[in-house]
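Below: query-v8.cif (mmCIF, C-alpha atoms)
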```cif
data_run
#
loop_
_atom_site.label_atom_id
_atom_site.label_comp_id
_atom_site.auth_asym_id
_atom_site.auth_seq_id
_atom_site.Cartn_x
_atom_site.Cartn_y
_atom_site.Cartn_z
CA ASP A 1 -16.21 17.99 40.56
CA ALA A 2 -16.50 21.38 38.93
CA LYS A 3 -19.58 21.48 36.68
CA THR A 4 -19.45 22.90 33.19
CA THR A 5 -22.17 24.21 30.90
CA GLN A 6 -21.68 24.38 27.15
CA PRO A 7 -24.13 24.80 24.28
CA ASN A 8 -25.00 21.43 22.77
CA SER A 9 -24.21 22.55 19.24
CA MET A 10 -22.98 25.47 17.18
CA GLU A 11 -22.54 26.19 13.51
CA SER A 12 -20.07 28.42 11.78
CA ASN A 13 -19.17 29.29 8.24
CA GLU A 14 -15.84 28.18 6.93
CA GLU A 15 -13.06 30.75 7.33
CA GLU A 16 -15.06 32.69 9.90
CA PRO A 17 -14.04 33.05 13.57
CA VAL A 18 -15.80 30.81 16.09
CA HIS A 19 -16.37 31.58 19.75
CA LEU A 20 -17.19 28.56 21.89
CA PRO A 21 -18.40 29.48 25.39
CA CYS A 22 -18.14 27.53 28.62
CA ASN A 23 -19.47 28.26 32.08
CA HIS A 24 -17.58 26.73 35.01
CA SER A 25 -18.89 28.71 37.95
CA THR A 26 -17.77 26.16 40.58
CA ILE A 27 -14.15 26.12 39.47
CA SER A 28 -11.61 26.00 42.29
CA GLY A 29 -8.81 28.53 42.60
CA THR A 30 -6.11 26.06 41.58
CA ASP A 31 -7.88 24.53 38.57
CA TYR A 32 -6.65 25.22 35.10
CA ILE A 33 -9.25 25.56 32.35
CA HIS A 34 -8.65 22.89 29.74
CA TRP A 35 -10.14 22.54 26.29
CA TYR A 36 -10.10 19.37 24.24
CA ARG A 37 -11.75 18.38 21.03
CA GLN A 38 -12.74 15.07 19.54
CA LEU A 39 -12.85 14.62 15.82
CA PRO A 40 -15.08 11.90 14.40
CA SER A 41 -13.81 8.41 15.18
CA GLN A 42 -10.77 9.70 17.05
CA GLY A 43 -9.70 10.10 20.64
CA PRO A 44 -9.88 13.47 22.38
CA GLU A 45 -7.02 15.81 21.61
CA TYR A 46 -5.71 18.73 23.60
CA VAL A 47 -6.44 22.21 22.29
CA ILE A 48 -5.36 24.70 24.93
CA HIS A 49 -5.38 25.43 28.65
CA GLY A 50 -4.90 28.39 30.95
CA LEU A 51 -5.20 29.57 34.52
CA THR A 52 -6.01 33.27 34.61
CA SER A 53 -4.53 35.06 31.66
CA ASN A 54 -5.66 34.69 28.09
CA VAL A 55 -3.64 32.13 26.15
CA ASN A 56 -2.78 31.69 22.51
CA ASN A 57 -1.32 28.80 20.58
CA ARG A 58 -1.24 27.75 16.96
CA MET A 59 -4.63 26.05 17.24
CA ALA A 60 -6.71 28.56 19.14
CA SER A 61 -6.99 31.30 21.72
CA LEU A 62 -8.49 31.01 25.17
CA ALA A 63 -10.17 33.99 26.77
CA ILE A 64 -10.76 33.62 30.52
CA ALA A 65 -13.18 35.82 32.41
CA GLU A 66 -11.71 37.88 35.21
CA ASP A 67 -13.69 35.91 37.82
CA ARG A 68 -12.70 32.65 36.08
CA LYS A 69 -16.28 31.43 36.07
CA SER A 70 -16.41 31.28 32.31
CA SER A 71 -14.11 31.03 29.34
CA THR A 72 -14.31 31.18 25.57
CA LEU A 73 -12.37 29.14 23.07
CA ILE A 74 -11.69 31.12 19.92
CA LEU A 75 -10.91 29.54 16.59
CA HIS A 76 -9.76 32.47 14.50
CA ARG A 77 -10.52 31.04 11.10
CA ALA A 78 -12.54 27.84 11.14
CA THR A 79 -11.85 25.16 8.56
CA LEU A 80 -13.75 21.99 7.77
CA ARG A 81 -11.15 20.09 9.78
CA ASP A 82 -12.28 21.93 12.91
CA ALA A 83 -15.62 20.14 12.88
CA ALA A 84 -15.59 18.25 16.17
CA VAL A 85 -17.01 18.06 19.67
CA TYR A 86 -15.31 20.59 21.92
CA TYR A 87 -15.05 20.01 25.66
CA CYS A 88 -14.03 22.40 28.39
CA SER A 89 -12.92 21.05 31.75
CA PRO A 90 -11.55 22.65 34.88
CA PHE A 91 -8.62 20.52 35.94
CA GLY A 92 -6.02 20.81 38.63
CA ASN A 93 -5.52 18.58 41.60
CA GLU A 94 -8.48 16.32 41.04
CA LYS A 95 -9.74 14.33 38.12
CA LEU A 96 -10.11 15.34 34.48
CA THR A 97 -13.74 14.84 33.54
CA PHE A 98 -15.78 15.81 30.53
CA GLY A 99 -19.33 17.04 30.07
CA THR A 100 -21.37 16.68 26.93
CA GLY A 101 -19.38 19.30 25.02
CA THR A 102 -20.35 21.44 22.02
CA ARG A 103 -20.70 19.84 18.62
CA LEU A 104 -19.27 22.33 16.12
CA THR A 105 -20.43 22.11 12.54
CA ILE A 106 -18.56 24.03 9.85
CA ILE A 107 -20.55 25.11 6.84
CA PRO A 108 -18.58 25.25 3.61
CA ASP B 1 7.88 9.53 21.70
CA ALA B 2 5.17 7.32 20.21
CA GLY B 3 2.50 8.80 22.41
CA VAL B 4 0.04 6.83 24.50
CA ILE B 5 -0.31 3.33 23.12
CA GLN B 6 -3.41 1.24 23.62
CA SER B 7 -3.94 -2.35 22.61
CA PRO B 8 -5.78 -3.95 21.09
CA ARG B 9 -7.41 -1.36 18.82
CA HIS B 10 -10.45 -3.56 18.35
CA GLU B 11 -11.74 -6.42 20.44
CA VAL B 12 -14.74 -8.60 19.79
CA THR B 13 -15.59 -11.10 22.48
CA GLU B 14 -18.46 -13.24 23.62
CA MET B 15 -20.50 -12.45 26.67
CA GLY B 16 -18.99 -13.98 29.79
CA GLN B 17 -15.42 -13.88 28.56
CA GLU B 18 -12.64 -11.97 30.28
CA VAL B 19 -11.34 -8.92 28.45
CA THR B 20 -8.07 -7.14 29.15
CA LEU B 21 -7.31 -3.74 27.70
CA ARG B 22 -3.78 -2.39 27.82
CA CYS B 23 -2.26 1.05 27.97
CA LYS B 24 1.31 2.26 27.78
CA PRO B 25 1.56 5.89 28.93
CA ILE B 26 4.14 8.39 27.79
CA SER B 27 7.40 7.93 29.63
CA GLY B 28 7.78 10.29 32.56
CA HIS B 29 4.09 11.04 32.93
CA ASN B 30 2.89 10.46 36.45
CA SER B 31 -0.89 10.30 36.03
CA LEU B 32 -2.96 7.87 34.02
CA PHE B 33 -6.70 7.99 33.37
CA TRP B 34 -9.08 5.37 31.96
CA TYR B 35 -12.28 6.50 30.19
CA ARG B 36 -15.23 4.79 28.56
CA GLN B 37 -17.22 6.42 25.76
CA THR B 38 -20.68 5.50 24.54
CA MET B 39 -23.30 7.42 22.62
CA MET B 40 -25.65 7.32 25.58
CA ARG B 41 -23.29 8.26 28.39
CA GLY B 42 -20.58 10.23 26.64
CA LEU B 43 -17.00 10.22 27.91
CA GLU B 44 -16.93 8.80 31.44
CA LEU B 45 -13.93 8.69 33.74
CA LEU B 46 -13.55 5.19 35.17
CA ILE B 47 -10.42 5.41 37.31
CA TYR B 48 -7.21 7.36 37.59
CA PHE B 49 -3.75 6.73 38.99
CA ASN B 50 -1.08 9.06 40.33
CA ASN B 51 2.42 7.59 40.51
CA ASN B 52 0.96 4.12 39.85
CA VAL B 53 -1.43 4.36 42.82
CA PRO B 54 -5.20 4.28 42.19
CA ILE B 55 -6.62 7.53 43.48
CA ASP B 56 -10.27 7.49 42.49
CA ASP B 57 -12.15 4.48 41.13
CA SER B 58 -15.63 5.84 41.79
CA GLY B 59 -16.38 5.73 38.07
CA MET B 60 -15.83 2.00 37.77
CA PRO B 61 -19.33 0.75 37.01
CA GLU B 62 -19.27 -2.62 38.73
CA ASP B 63 -17.05 -5.14 40.46
CA ARG B 64 -16.63 -6.79 37.11
CA PHE B 65 -14.26 -3.97 36.23
CA SER B 66 -10.77 -3.75 37.66
CA ALA B 67 -7.67 -1.76 36.78
CA LYS B 68 -4.04 -2.08 37.70
CA MET B 69 -0.87 -0.14 37.15
CA PRO B 70 1.99 -2.41 38.19
CA ASN B 71 4.63 0.07 37.04
CA ALA B 72 4.94 3.50 35.49
CA SER B 73 4.94 2.17 31.95
CA PHE B 74 1.92 -0.10 31.88
CA SER B 75 -1.71 -0.27 32.94
CA THR B 76 -4.53 -2.72 32.36
CA LEU B 77 -8.29 -2.51 32.52
CA LYS B 78 -9.97 -5.87 32.95
CA ILE B 79 -13.62 -6.81 32.60
CA GLN B 80 -14.61 -10.20 33.95
CA PRO B 81 -17.13 -11.40 32.97
CA SER B 82 -17.93 -9.14 30.05
CA GLU B 83 -21.50 -8.22 29.09
CA PRO B 84 -22.98 -6.69 25.91
CA ARG B 85 -23.58 -3.39 27.72
CA ASP B 86 -19.82 -3.07 28.19
CA SER B 87 -19.50 -2.46 24.46
CA ALA B 88 -17.87 0.95 24.09
CA VAL B 89 -14.67 2.71 23.15
CA TYR B 90 -12.18 2.74 26.00
CA PHE B 91 -9.53 5.44 26.15
CA CYS B 92 -6.55 5.94 28.36
CA ALA B 93 -4.72 9.20 28.81
CA SER B 94 -1.50 10.16 30.51
CA ILE B 95 -0.62 13.50 32.06
CA PRO B 96 2.87 14.69 32.93
CA TYR B 97 1.92 16.55 36.10
CA ARG B 98 -1.22 17.72 37.91
CA GLY B 99 -3.09 20.22 35.81
CA GLY B 100 -1.02 19.52 32.73
CA ARG B 101 -2.35 18.64 29.31
CA ALA B 102 -3.63 15.14 28.76
CA PHE B 103 -2.39 12.91 25.97
CA PHE B 104 -4.94 10.36 24.80
CA GLY B 105 -4.44 7.02 23.16
CA GLN B 106 -6.33 6.00 20.05
CA GLY B 107 -8.74 3.92 22.06
CA THR B 108 -9.90 0.31 22.09
CA ARG B 109 -13.25 -0.41 20.53
CA LEU B 110 -14.79 -3.26 22.51
CA THR B 111 -17.74 -5.22 21.22
CA VAL B 112 -19.30 -7.87 23.45
CA VAL B 113 -21.72 -10.15 21.63
#
```
Output the file's structure in the form of C-alpha coordinates.
Amino acid sequence: DAKTTQPNSMESNEEEPVHLPCNHSTISGTDYIHWYRQLPSQGPEYVIHGLTSNVNNRMASLAIAEDRKSSTLILHRATLRDAAVYYCSPFGNEKLTFGTGTRLTIIP
Amino acid sequence: DAGVIQSPRHEVTEMGQEVTLRCKPISGHNSLFWYRQTMMRGLELLIYFNNNVPIDDSGMPEDRFSAKMPNASFSTLKIQPSEPRDSAVYFCASIPYRGGRAFFGQGTRLTVV
(Lines of atoms letter the chains of each structure in order from A and count residues from 1; the text may use other names and numbers.)
(Lines give C-alpha, C1' and ligand atoms only; values in the text may rest on other atoms or scores of the structure.)
Protein backbone atom coordinates (compact mmCIF):
# COMPACT_ATOMS: atom_id res chain seq x y z
CA ASP A 1 0.00 0.00 0.00
CA ALA A 2 1.17 3.51 -0.74
CA LYS A 3 1.87 5.35 2.53
CA THR A 4 0.65 8.87 3.12
CA THR A 5 1.77 11.55 5.54
CA GLN A 6 -0.51 14.40 6.55
CA PRO A 7 -0.38 16.89 9.41
CA ASN A 8 -2.57 15.75 12.28
CA SER A 9 -4.39 19.06 12.52
CA MET A 10 -4.65 22.49 10.97
CA GLU A 11 -6.56 25.66 11.72
CA SER A 12 -7.78 28.33 9.40
CA ASN A 13 -9.81 31.48 9.66
CA GLU A 14 -13.21 31.55 8.07
CA GLU A 15 -13.25 32.88 4.51
CA GLU A 16 -9.50 32.40 4.16
CA PRO A 17 -7.88 29.90 1.75
CA VAL A 18 -6.66 26.62 3.21
CA HIS A 19 -3.84 24.48 1.85
CA LEU A 20 -3.84 20.90 3.09
CA PRO A 21 -0.65 19.01 2.24
CA CYS A 22 -0.10 15.30 1.69
CA ASN A 23 3.05 13.33 1.03
CA HIS A 24 2.66 10.06 -0.88
CA SER A 25 6.21 9.30 -1.94
CA THR A 26 5.55 5.59 -2.65
CA ILE A 27 2.69 6.23 -5.05
CA SER A 28 2.64 3.97 -8.10
CA GLY A 29 2.51 5.34 -11.63
CA THR A 30 -1.09 4.30 -12.19
CA ASP A 31 -2.54 5.54 -8.89
CA TYR A 32 -4.84 8.50 -8.82
CA ILE A 33 -4.58 10.85 -5.85
CA HIS A 34 -7.90 10.93 -4.05
CA TRP A 35 -9.10 13.28 -1.35
CA TYR A 36 -12.05 12.63 0.93
CA ARG A 37 -13.38 14.38 3.96
CA GLN A 38 -15.45 13.27 6.88
CA LEU A 39 -17.71 15.70 8.65
CA PRO A 40 -18.66 14.98 12.25
CA SER A 41 -20.96 11.98 12.60
CA GLN A 42 -21.06 11.37 8.85
CA GLY A 43 -19.49 8.96 6.41
CA PRO A 44 -16.53 9.98 4.27
CA GLU A 45 -17.39 12.01 1.21
CA TYR A 46 -15.45 12.48 -1.98
CA VAL A 47 -13.78 15.83 -2.54
CA ILE A 48 -11.58 15.54 -5.61
CA HIS A 49 -9.08 13.31 -7.39
CA GLY A 50 -6.44 13.62 -10.07
CA LEU A 51 -3.61 11.81 -11.80
CA THR A 52 -0.99 14.30 -12.94
CA SER A 53 -2.53 17.61 -13.80
CA ASN A 54 -4.03 20.02 -11.33
CA VAL A 55 -7.78 19.62 -10.96
CA ASN A 56 -10.58 21.95 -10.00
CA ASN A 57 -14.17 21.34 -9.03
CA ARG A 58 -16.82 23.28 -7.17
CA MET A 59 -15.54 22.06 -3.81
CA ALA A 60 -11.81 22.46 -4.10
CA SER A 61 -8.65 22.45 -6.18
CA LEU A 62 -5.98 19.78 -6.22
CA ALA A 63 -2.39 20.71 -6.93
CA ILE A 64 -0.16 17.73 -7.75
CA ALA A 65 3.62 17.94 -7.63
CA GLU A 66 5.43 17.23 -10.86
CA ASP A 67 7.00 14.06 -9.40
CA ARG A 68 3.58 13.08 -7.95
CA LYS A 69 5.09 12.41 -4.55
CA SER A 70 3.00 15.08 -2.90
CA SER A 71 -0.21 16.98 -3.42
CA THR A 72 -2.10 19.86 -1.86
CA LEU A 73 -5.82 20.22 -1.44
CA ILE A 74 -6.88 23.84 -1.69
CA LEU A 75 -10.09 25.18 -0.25
CA HIS A 76 -10.32 28.65 -1.72
CA ARG A 77 -12.55 30.20 0.89
CA ALA A 78 -13.08 28.09 3.99
CA THR A 79 -16.44 28.12 5.72
CA LEU A 80 -17.50 26.63 9.02
CA ARG A 81 -19.04 23.76 7.09
CA ASP A 82 -15.57 22.77 5.88
CA ALA A 83 -14.54 21.72 9.37
CA ALA A 84 -13.80 18.02 8.95
CA VAL A 85 -11.09 15.39 8.79
CA TYR A 86 -9.46 15.38 5.37
CA TYR A 87 -7.86 12.24 3.97
CA CYS A 88 -5.63 11.82 0.96
CA SER A 89 -5.20 8.39 -0.59
CA PRO A 90 -3.40 7.12 -3.66
CA PHE A 91 -5.80 4.77 -5.38
CA GLY A 92 -5.74 2.88 -8.62
CA ASN A 93 -5.64 -0.83 -9.12
CA GLU A 94 -5.42 -1.82 -5.50
CA LYS A 95 -7.38 -0.98 -2.42
CA LEU A 96 -8.61 2.39 -1.18
CA THR A 97 -7.19 2.89 2.29
CA PHE A 98 -7.07 5.85 4.63
CA GLY A 99 -4.45 7.17 7.03
CA THR A 100 -5.15 9.32 10.03
CA GLY A 101 -5.96 12.41 7.98
CA THR A 102 -5.83 16.10 8.91
CA ARG A 103 -8.41 17.52 11.27
CA LEU A 104 -9.27 20.98 9.94
CA THR A 105 -10.68 23.51 12.37
CA ILE A 106 -12.24 26.71 11.04
CA ILE A 107 -12.09 29.73 13.28
CA PRO A 108 -15.02 32.11 12.92
CA ASP B 1 -30.00 7.04 -7.61
CA ALA B 2 -30.41 6.75 -3.84
CA GLY B 3 -26.72 6.25 -3.29
CA VAL B 4 -25.15 3.49 -1.24
CA ILE B 5 -27.67 2.14 1.23
CA GLN B 6 -26.67 0.49 4.47
CA SER B 7 -28.92 -1.19 6.98
CA PRO B 8 -29.54 -1.08 9.79
CA ARG B 9 -28.34 2.41 10.73
CA HIS B 10 -27.98 1.40 14.36
CA GLU B 11 -27.63 -2.03 15.91
CA VAL B 12 -27.37 -2.90 19.56
CA THR B 13 -26.76 -6.54 20.36
CA GLU B 14 -25.57 -8.70 23.19
CA MET B 15 -22.18 -10.31 23.23
CA GLY B 16 -22.23 -13.70 21.54
CA GLN B 17 -25.05 -12.89 19.16
CA GLU B 18 -24.72 -12.97 15.39
CA VAL B 19 -24.82 -9.61 13.64
CA THR B 20 -25.44 -9.05 9.94
CA LEU B 21 -24.80 -5.72 8.30
CA ARG B 22 -26.14 -5.04 4.83
CA CYS B 23 -25.06 -2.88 1.95
CA LYS B 24 -26.67 -2.07 -1.37
CA PRO B 25 -24.15 -0.46 -3.73
CA ILE B 26 -24.96 1.96 -6.51
CA SER B 27 -26.20 0.16 -9.58
CA GLY B 28 -23.48 -0.40 -12.15
CA HIS B 29 -20.59 0.00 -9.74
CA ASN B 30 -18.22 -2.93 -9.90
CA SER B 31 -16.23 -2.56 -6.67
CA LEU B 32 -17.44 -2.65 -3.10
CA PHE B 33 -15.44 -1.93 0.05
CA TRP B 34 -16.24 -2.57 3.71
CA TYR B 35 -14.62 -0.38 6.41
CA ARG B 36 -14.69 -0.21 10.17
CA GLN B 37 -14.11 3.03 12.07
CA THR B 38 -13.18 3.45 15.71
CA MET B 39 -11.56 6.27 17.63
CA MET B 40 -8.53 4.13 18.37
CA ARG B 41 -7.89 2.61 14.96
CA GLY B 42 -9.42 5.11 12.57
CA LEU B 43 -10.91 4.02 9.26
CA GLU B 44 -9.79 0.47 8.49
CA LEU B 45 -10.41 -1.42 5.28
CA LEU B 46 -11.81 -4.86 6.07
CA ILE B 47 -12.42 -6.41 2.66
CA TYR B 48 -13.14 -5.43 -0.90
CA PHE B 49 -14.84 -7.03 -3.89
CA ASN B 50 -14.42 -6.55 -7.62
CA ASN B 51 -17.28 -7.82 -9.76
CA ASN B 52 -18.71 -9.64 -6.71
CA VAL B 53 -15.46 -11.55 -6.10
CA PRO B 54 -13.54 -10.98 -2.84
CA ILE B 55 -10.13 -9.66 -3.76
CA ASP B 56 -8.47 -8.81 -0.48
CA ASP B 57 -9.76 -9.77 2.96
CA SER B 58 -6.49 -9.18 4.80
CA GLY B 59 -8.16 -6.50 6.91
CA MET B 60 -10.76 -8.84 8.36
CA PRO B 61 -9.74 -8.97 12.00
CA GLU B 62 -10.71 -12.53 12.88
CA ASP B 63 -12.52 -15.60 11.64
CA ARG B 64 -15.57 -14.29 13.41
CA PHE B 65 -15.93 -11.82 10.55
CA SER B 66 -17.16 -12.88 7.13
CA ALA B 67 -18.42 -11.01 4.09
CA LYS B 68 -20.31 -12.06 1.01
CA MET B 69 -21.47 -10.47 -2.19
CA PRO B 70 -23.93 -12.90 -3.78
CA ASN B 71 -24.79 -10.49 -6.58
CA ALA B 72 -23.92 -7.03 -7.85
CA SER B 73 -26.64 -5.34 -5.83
CA PHE B 74 -26.10 -6.71 -2.34
CA SER B 75 -23.37 -7.44 0.19
CA THR B 76 -23.35 -8.56 3.80
CA LEU B 77 -20.83 -8.37 6.60
CA LYS B 78 -21.45 -10.90 9.35
CA ILE B 79 -19.94 -11.13 12.81
CA GLN B 80 -20.48 -14.37 14.66
CA PRO B 81 -20.15 -14.36 17.60
CA SER B 82 -20.02 -10.66 18.31
CA GLU B 83 -17.85 -9.17 21.07
CA PRO B 84 -17.85 -5.74 22.76
CA ARG B 85 -14.63 -4.80 20.96
CA ASP B 86 -16.49 -5.08 17.67
CA SER B 87 -18.41 -1.95 18.58
CA ALA B 88 -17.71 0.56 15.83
CA VAL B 89 -19.21 2.31 12.84
CA TYR B 90 -19.13 0.13 9.74
CA PHE B 91 -19.16 1.75 6.31
CA CYS B 92 -19.47 0.33 2.87
CA ALA B 93 -18.51 2.14 -0.30
CA SER B 94 -19.00 1.41 -3.96
CA ILE B 95 -16.81 2.51 -6.84
CA PRO B 96 -17.79 2.53 -10.50
CA TYR B 97 -14.40 1.51 -11.87
CA ARG B 98 -10.82 1.11 -10.66
CA GLY B 99 -9.43 4.43 -9.55
CA GLY B 100 -12.81 6.12 -9.64
CA ARG B 101 -14.39 8.09 -6.83
CA ALA B 102 -15.87 6.17 -3.95
CA PHE B 103 -19.44 6.65 -2.78
CA PHE B 104 -19.96 5.88 0.90
CA GLY B 105 -23.05 4.79 2.72
CA GLN B 106 -24.19 6.46 5.92
CA GLY B 107 -22.76 3.68 8.01
CA THR B 108 -24.06 1.26 10.63
CA ARG B 109 -23.28 2.05 14.23
CA LEU B 110 -22.83 -1.27 16.01
CA THR B 111 -22.85 -1.52 19.77
CA VAL B 112 -22.14 -4.89 21.38
CA VAL B 113 -22.95 -5.01 25.08
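Distance check against Val112 (chain B) using only C-alpha atoms: of B:Gly3, B:Gly42, B:Pro81, B:Gly28, the minimum falls on B:Pro81.
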(message) Could you tell me which residues of chain A sit within 10 Å of chain B when counting all atoms listed in the file, and give me the result as number ranges by chain?
(response) A: 30-36, 41-51, 90-101
(message) Using all atoms listed in the file, which protein or nucleic acid residues come within 9 Å of Ala83 (chain A)? Drop anything in the same chain fewer than 3 positions from it, and give the result as a PyMOL selection string.
(response) chain A and resi 38-40+78-80+103-106
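Our summary of the geometry notes that CA of Tyr87 (chain A) is positioned 13.8 Å from CA of Leu75 (chain A).
Across the model, the gap from CA of Glu83 (chain B) to CA of Met40 (chain B) is 16.5 Å.
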(message) Residue by residue, what does the PyMOL selection byres ((chain B and resi 21) around 7) grab here? Present the result as a VMD selection string.
(response) chain B and resid 7 to 8 19 to 20 22 to 23 76 to 78
(request) Measure the distance from CA of Thr13 (chain B) to CA of Ile26 (chain B) in Å and round it to one decimal. (result) 28.2 Å
(message) Excluding Pro21 (chain A) and its own-chain neighbours fewer than 6 positions away, which residues fall within 9 Å of it when counting all atoms listed in the file? Please give them as a ChimeraX atom specification.
(response) /A:5-7,70-74,88,102
(request) Using the chain letters and residue numbers of this document, give as an NGL selection string the residues selected by the PyMOL selection byres ((chain A and resi 76) around 9). (result) :A and (15-19 or 59-61 or 74-75 or 77-78)
(request) Go through A:Ser53, A:Glu66, A:Ile107, A:Ser89 and flag the residue nearest Lys3 (chain A), using all atoms listed in the file for the distances. (result) A:Ser89
(request) Determine the residue membership of the PyMOL selection byres ((chain B and resi 74) around 8) for the file above and supply it as a list in words. (result) Arg22, Cys23, Lys24, Pro25, Met69, Pro70, Asn71, Ala72, Ser73, Ser75 and Thr76 of chain B
Hey, can I get the axis-aligned box for region 27-31 of chain B? All listed atoms, 3 Å padding on each side, centre and edge lengths in Å to one decimal, as AutoDock Vina command-line options.
```
--center_x 3.4 --center_y 9.5 --center_z 33.0 --size_x 14.7 --size_y 9.1 --size_z 12.8
```
Complete the atoms of region 14-25 of chain B to N, CA, C and O atoms and put them out as a PDB file, in the coordinates of the input.
```pdb
ATOM      1  N   GLU B  14     -17.129 -12.732  23.262  1.00  0.00           N
ATOM      2  CA  GLU B  14     -18.460 -13.240  23.620  1.00  0.00           C
ATOM      3  C   GLU B  14     -18.777 -12.907  25.068  1.00  0.00           C
ATOM      4  O   GLU B  14     -17.878 -12.875  25.925  1.00  0.00           O
ATOM      5  N   MET B  15     -20.029 -12.718  25.322  1.00  0.00           N
ATOM      6  CA  MET B  15     -20.500 -12.450  26.670  1.00  0.00           C
ATOM      7  C   MET B  15     -19.981 -13.515  27.631  1.00  0.00           C
ATOM      8  O   MET B  15     -20.001 -14.705  27.318  1.00  0.00           O
ATOM      9  N   GLY B  16     -19.501 -13.051  28.785  1.00  0.00           N
ATOM     10  CA  GLY B  16     -18.990 -13.980  29.790  1.00  0.00           C
ATOM     11  C   GLY B  16     -17.488 -14.151  29.759  1.00  0.00           C
ATOM     12  O   GLY B  16     -16.900 -14.639  30.733  1.00  0.00           O
ATOM     13  N   GLN B  17     -16.864 -13.756  28.660  1.00  0.00           N
ATOM     14  CA  GLN B  17     -15.420 -13.880  28.560  1.00  0.00           C
ATOM     15  C   GLN B  17     -14.710 -12.746  29.289  1.00  0.00           C
ATOM     16  O   GLN B  17     -15.264 -11.665  29.487  1.00  0.00           O
ATOM     17  N   GLU B  18     -13.480 -13.004  29.668  1.00  0.00           N
ATOM     18  CA  GLU B  18     -12.640 -11.970  30.280  1.00  0.00           C
ATOM     19  C   GLU B  18     -11.989 -11.136  29.179  1.00  0.00           C
ATOM     20  O   GLU B  18     -11.539 -11.680  28.166  1.00  0.00           O
ATOM     21  N   VAL B  19     -11.958  -9.843  29.397  1.00  0.00           N
ATOM     22  CA  VAL B  19     -11.340  -8.920  28.450  1.00  0.00           C
ATOM     23  C   VAL B  19     -10.291  -8.096  29.174  1.00  0.00           C
ATOM     24  O   VAL B  19     -10.544  -7.598  30.280  1.00  0.00           O
ATOM     25  N   THR B  20      -9.125  -7.963  28.572  1.00  0.00           N
ATOM     26  CA  THR B  20      -8.070  -7.140  29.150  1.00  0.00           C
ATOM     27  C   THR B  20      -7.632  -6.092  28.139  1.00  0.00           C
ATOM     28  O   THR B  20      -7.214  -6.433  27.022  1.00  0.00           O
ATOM     29  N   LEU B  21      -7.753  -4.853  28.526  1.00  0.00           N
ATOM     30  CA  LEU B  21      -7.310  -3.740  27.700  1.00  0.00           C
ATOM     31  C   LEU B  21      -6.008  -3.206  28.274  1.00  0.00           C
ATOM     32  O   LEU B  21      -5.847  -3.131  29.494  1.00  0.00           O
ATOM     33  N   ARG B  22      -5.113  -2.783  27.393  1.00  0.00           N
ATOM     34  CA  ARG B  22      -3.780  -2.390  27.820  1.00  0.00           C
ATOM     35  C   ARG B  22      -3.463  -0.962  27.427  1.00  0.00           C
ATOM     36  O   ARG B  22      -3.929  -0.475  26.388  1.00  0.00           O
ATOM     37  N   CYS B  23      -2.637  -0.338  28.245  1.00  0.00           N
ATOM     38  CA  CYS B  23      -2.260   1.050  27.970  1.00  0.00           C
ATOM     39  C   CYS B  23      -0.813   1.259  28.383  1.00  0.00           C
ATOM     40  O   CYS B  23      -0.407   0.901  29.492  1.00  0.00           O
ATOM     41  N   LYS B  24      -0.061   1.867  27.468  1.00  0.00           N
ATOM     42  CA  LYS B  24       1.310   2.260  27.780  1.00  0.00           C
ATOM     43  C   LYS B  24       1.351   3.789  27.755  1.00  0.00           C
ATOM     44  O   LYS B  24       1.199   4.393  26.691  1.00  0.00           O
ATOM     45  N   PRO B  25       1.542   4.420  28.912  1.00  0.00           N
ATOM     46  CA  PRO B  25       1.560   5.890  28.930  1.00  0.00           C
ATOM     47  C   PRO B  25       2.863   6.439  28.382  1.00  0.00           C
ATOM     48  O   PRO B  25       3.812   5.692  28.129  1.00  0.00           O
TER      49      PRO B  25
END
```
